[in-house]
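Structure, as structure tokens:
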Amino acid sequence: MNIYFAASIRGGRGDVDLYVKLIEYLKRYGEVMTDHVSDRSLTPMGEKKVSVEYSHNRDMAWMAQADVMIAEVTAPSLGVGYELAKAGTKKIPVLCLYRPQSDRTLSAMVRGCKDFITKDYETFEEAKKHIDEFLKPKI
Ligand code: 6IA
């Protein structure tokens, strides 16, 4: 199974340790095409040797090969929102994972979109349960 994992980069890297754990778990189910998202050396202001056009086009090429998409949507990210919209258009099954916050709520454009399954969670164990429920029927 080709898994497209999406999570914040420029939108903030506060949850990068969680992204690392989620990607490790997802690798039980298949190939995670976008494991750069868990690169601890990436910072919101970081520069890369490749161009933004190259990054965009490579990610979109990966998405064209994706069987499913999992997005960690707690940190608001324009890039993740863009990827979600693209996956919705391409009819790729999408699971959004969100940790409820005391000071803000998830965008209605994500929570309210029927193209995505959105699940709230607090612990990593709960996130794994949501992933299992989403992916097990697909293997
Ligand atoms: O707007 P954001 O940067 O938070 O968007 C994050 C999402 O867009 C992730 O799910 C990635 O798949 C994708 N994305 C954004 N920037 C890049 C990138 N280069 N390379 C690959 N995918 C990206 C920028 C990295 C730079 C900070 C060093």
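Within each chain, counting starts at residue 1; across the structure tokens, chains are named A, B, ... in the order shown, with ligands numbered 1 upward in that order.
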
ask   = If you count only C-alpha atoms, which residues fall within 12 Å of Arg28 (chain A), apart from same-chain ones fewer than 4 positions away, as a VMD selection string?
value = chain A and resid 1 to 3 21 to 24 32 128 131 to 132 135 to 136 139

request  = Taking the chain letters and numbering used in this document, name the residues of region 15-124 of chain A that DSSP puts in alpha helix (DSSP H), as a ChimeraX atom specification.
outcome  = /A:16-26,52-65,78-89,108-111,124

Those residues with C-alpha atoms, as a PDB file, in the first residue's frame please?
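Ended up saving to out-v5.pdb:
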```pdb
ATOM      1  CA  VAL A  16       7.592  16.497  14.693  1.00  0.00           C
ATOM      2  CA  ASP A  17       8.260  13.764  17.284  1.00  0.00           C
ATOM      3  CA  LEU A  18       4.661  12.645  16.892  1.00  0.00           C
ATOM      4  CA  TYR A  19       5.016  12.620  13.085  1.00  0.00           C
ATOM      5  CA  VAL A  20       8.066  10.348  13.463  1.00  0.00           C
ATOM      6  CA  LYS A  21       6.043   7.895  15.568  1.00  0.00           C
ATOM      7  CA  LEU A  22       3.026   7.973  13.255  1.00  0.00           C
ATOM      8  CA  ILE A  23       5.174   7.310  10.191  1.00  0.00           C
ATOM      9  CA  GLU A  24       6.946   4.423  11.933  1.00  0.00           C
ATOM     10  CA  TYR A  25       3.551   2.933  12.731  1.00  0.00           C
ATOM     11  CA  LEU A  26       2.223   3.480   9.192  1.00  0.00           C
ATOM     12  CA  VAL A  52       9.887  24.821  -4.238  1.00  0.00           C
ATOM     13  CA  GLU A  53       8.648  23.834  -7.713  1.00  0.00           C
ATOM     14  CA  TYR A  54      10.587  20.577  -7.489  1.00  0.00           C
ATOM     15  CA  SER A  55       9.155  19.841  -4.014  1.00  0.00           C
ATOM     16  CA  HIS A  56       5.616  20.581  -5.145  1.00  0.00           C
ATOM     17  CA  ASN A  57       5.843  18.530  -8.328  1.00  0.00           C
ATOM     18  CA  ARG A  58       7.505  15.573  -6.591  1.00  0.00           C
ATOM     19  CA  ASP A  59       4.840  15.531  -3.887  1.00  0.00           C
ATOM     20  CA  MET A  60       2.073  15.667  -6.496  1.00  0.00           C
ATOM     21  CA  ALA A  61       3.715  12.812  -8.421  1.00  0.00           C
ATOM     22  CA  TRP A  62       3.766  10.773  -5.187  1.00  0.00           C
ATOM     23  CA  MET A  63       0.130  11.621  -4.581  1.00  0.00           C
ATOM     24  CA  ALA A  64      -0.734  10.287  -8.037  1.00  0.00           C
ATOM     25  CA  GLN A  65       0.648   6.918  -6.841  1.00  0.00           C
ATOM     26  CA  LEU A  78      -1.560  25.691   4.165  1.00  0.00           C
ATOM     27  CA  GLY A  79       0.373  22.892   2.490  1.00  0.00           C
ATOM     28  CA  VAL A  80      -1.625  20.169   4.235  1.00  0.00           C
ATOM     29  CA  GLY A  81      -4.887  21.948   3.340  1.00  0.00           C
ATOM     30  CA  TYR A  82      -3.758  22.059  -0.285  1.00  0.00           C
ATOM     31  CA  GLU A  83      -2.828  18.363  -0.228  1.00  0.00           C
ATOM     32  CA  LEU A  84      -6.185  17.462   1.310  1.00  0.00           C
ATOM     33  CA  ALA A  85      -8.055  19.318  -1.408  1.00  0.00           C
ATOM     34  CA  LYS A  86      -6.012  17.580  -4.114  1.00  0.00           C
ATOM     35  CA  ALA A  87      -6.605  14.151  -2.543  1.00  0.00           C
ATOM     36  CA  GLY A  88     -10.326  14.879  -2.355  1.00  0.00           C
ATOM     37  CA  THR A  89     -10.434  15.747  -6.049  1.00  0.00           C
ATOM     38  CA  ALA A 108     -14.647  23.693   8.980  1.00  0.00           C
ATOM     39  CA  MET A 109     -13.185  23.084   5.506  1.00  0.00           C
ATOM     40  CA  VAL A 110     -11.592  19.921   6.867  1.00  0.00           C
ATOM     41  CA  ARG A 111     -14.061  18.827   9.540  1.00  0.00           C
ATOM     42  CA  PHE A 124      -0.763   7.914  20.441  1.00  0.00           C
TER      43      PHE A 124
END
```

note = For Met69 (chain A), the closest of A:Ser41, A:Thr118, A:Ser51, A:Ser107 counting only C-alpha atoms is A:Thr118

request  = Produce as JSON, numbers by chain the set of residues near ligand 1, where near means within 7 Å with only C-alpha atoms and all ligand atoms considered.
outcome  = {"A": [5, 6, 7, 8, 9, 10, 11, 12, 34, 36, 37, 42, 43, 44, 45, 46, 47, 48, 52, 55, 56, 59, 77, 78, 79, 80, 83]}

key: Close residues, Glu126 (chain A) itself excluded, 12 Å, only C-alpha atoms, min 4 positions apart in chain, as JSON, numbers by chain   = {"A": [22, 97, 98, 99, 119, 120, 121, 122, 130, 131, 132, 133]}

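Picture a line from CA of Lys114 (chain A) to CA of Lys27 (chain A); it runs 26.4 Å.
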
task = Identify, with DSSP run on backbone atoms, the residues in chain A assigned to strand (DSSP E or B), and express the list as a PyMOL selection string.
result = chain A and resi 2-6+31-32+68-72+94-98+116-120

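CA of Phe134 (chain A) sits 28.2 Å away from CA of Asp103 (chain A).
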
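Among the candidates A:Cys96, A:Lys90, A:Ser38, A:Glu72, the residue lying nearest to Cys113 (chain A) is A:Cys96 (atoms considered: only C-alpha atoms).
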
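Of note, CA of Lys138 (chain A) and CA of Thr105 (chain A) are spaced 29.7 Å apart.
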
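When only C-alpha atoms are used to measure the gap to Leu95 (chain A), the shortest distance among A:Tyr4, A:Tyr29, A:Lys49, A:Asp15 belongs to A:Tyr4.
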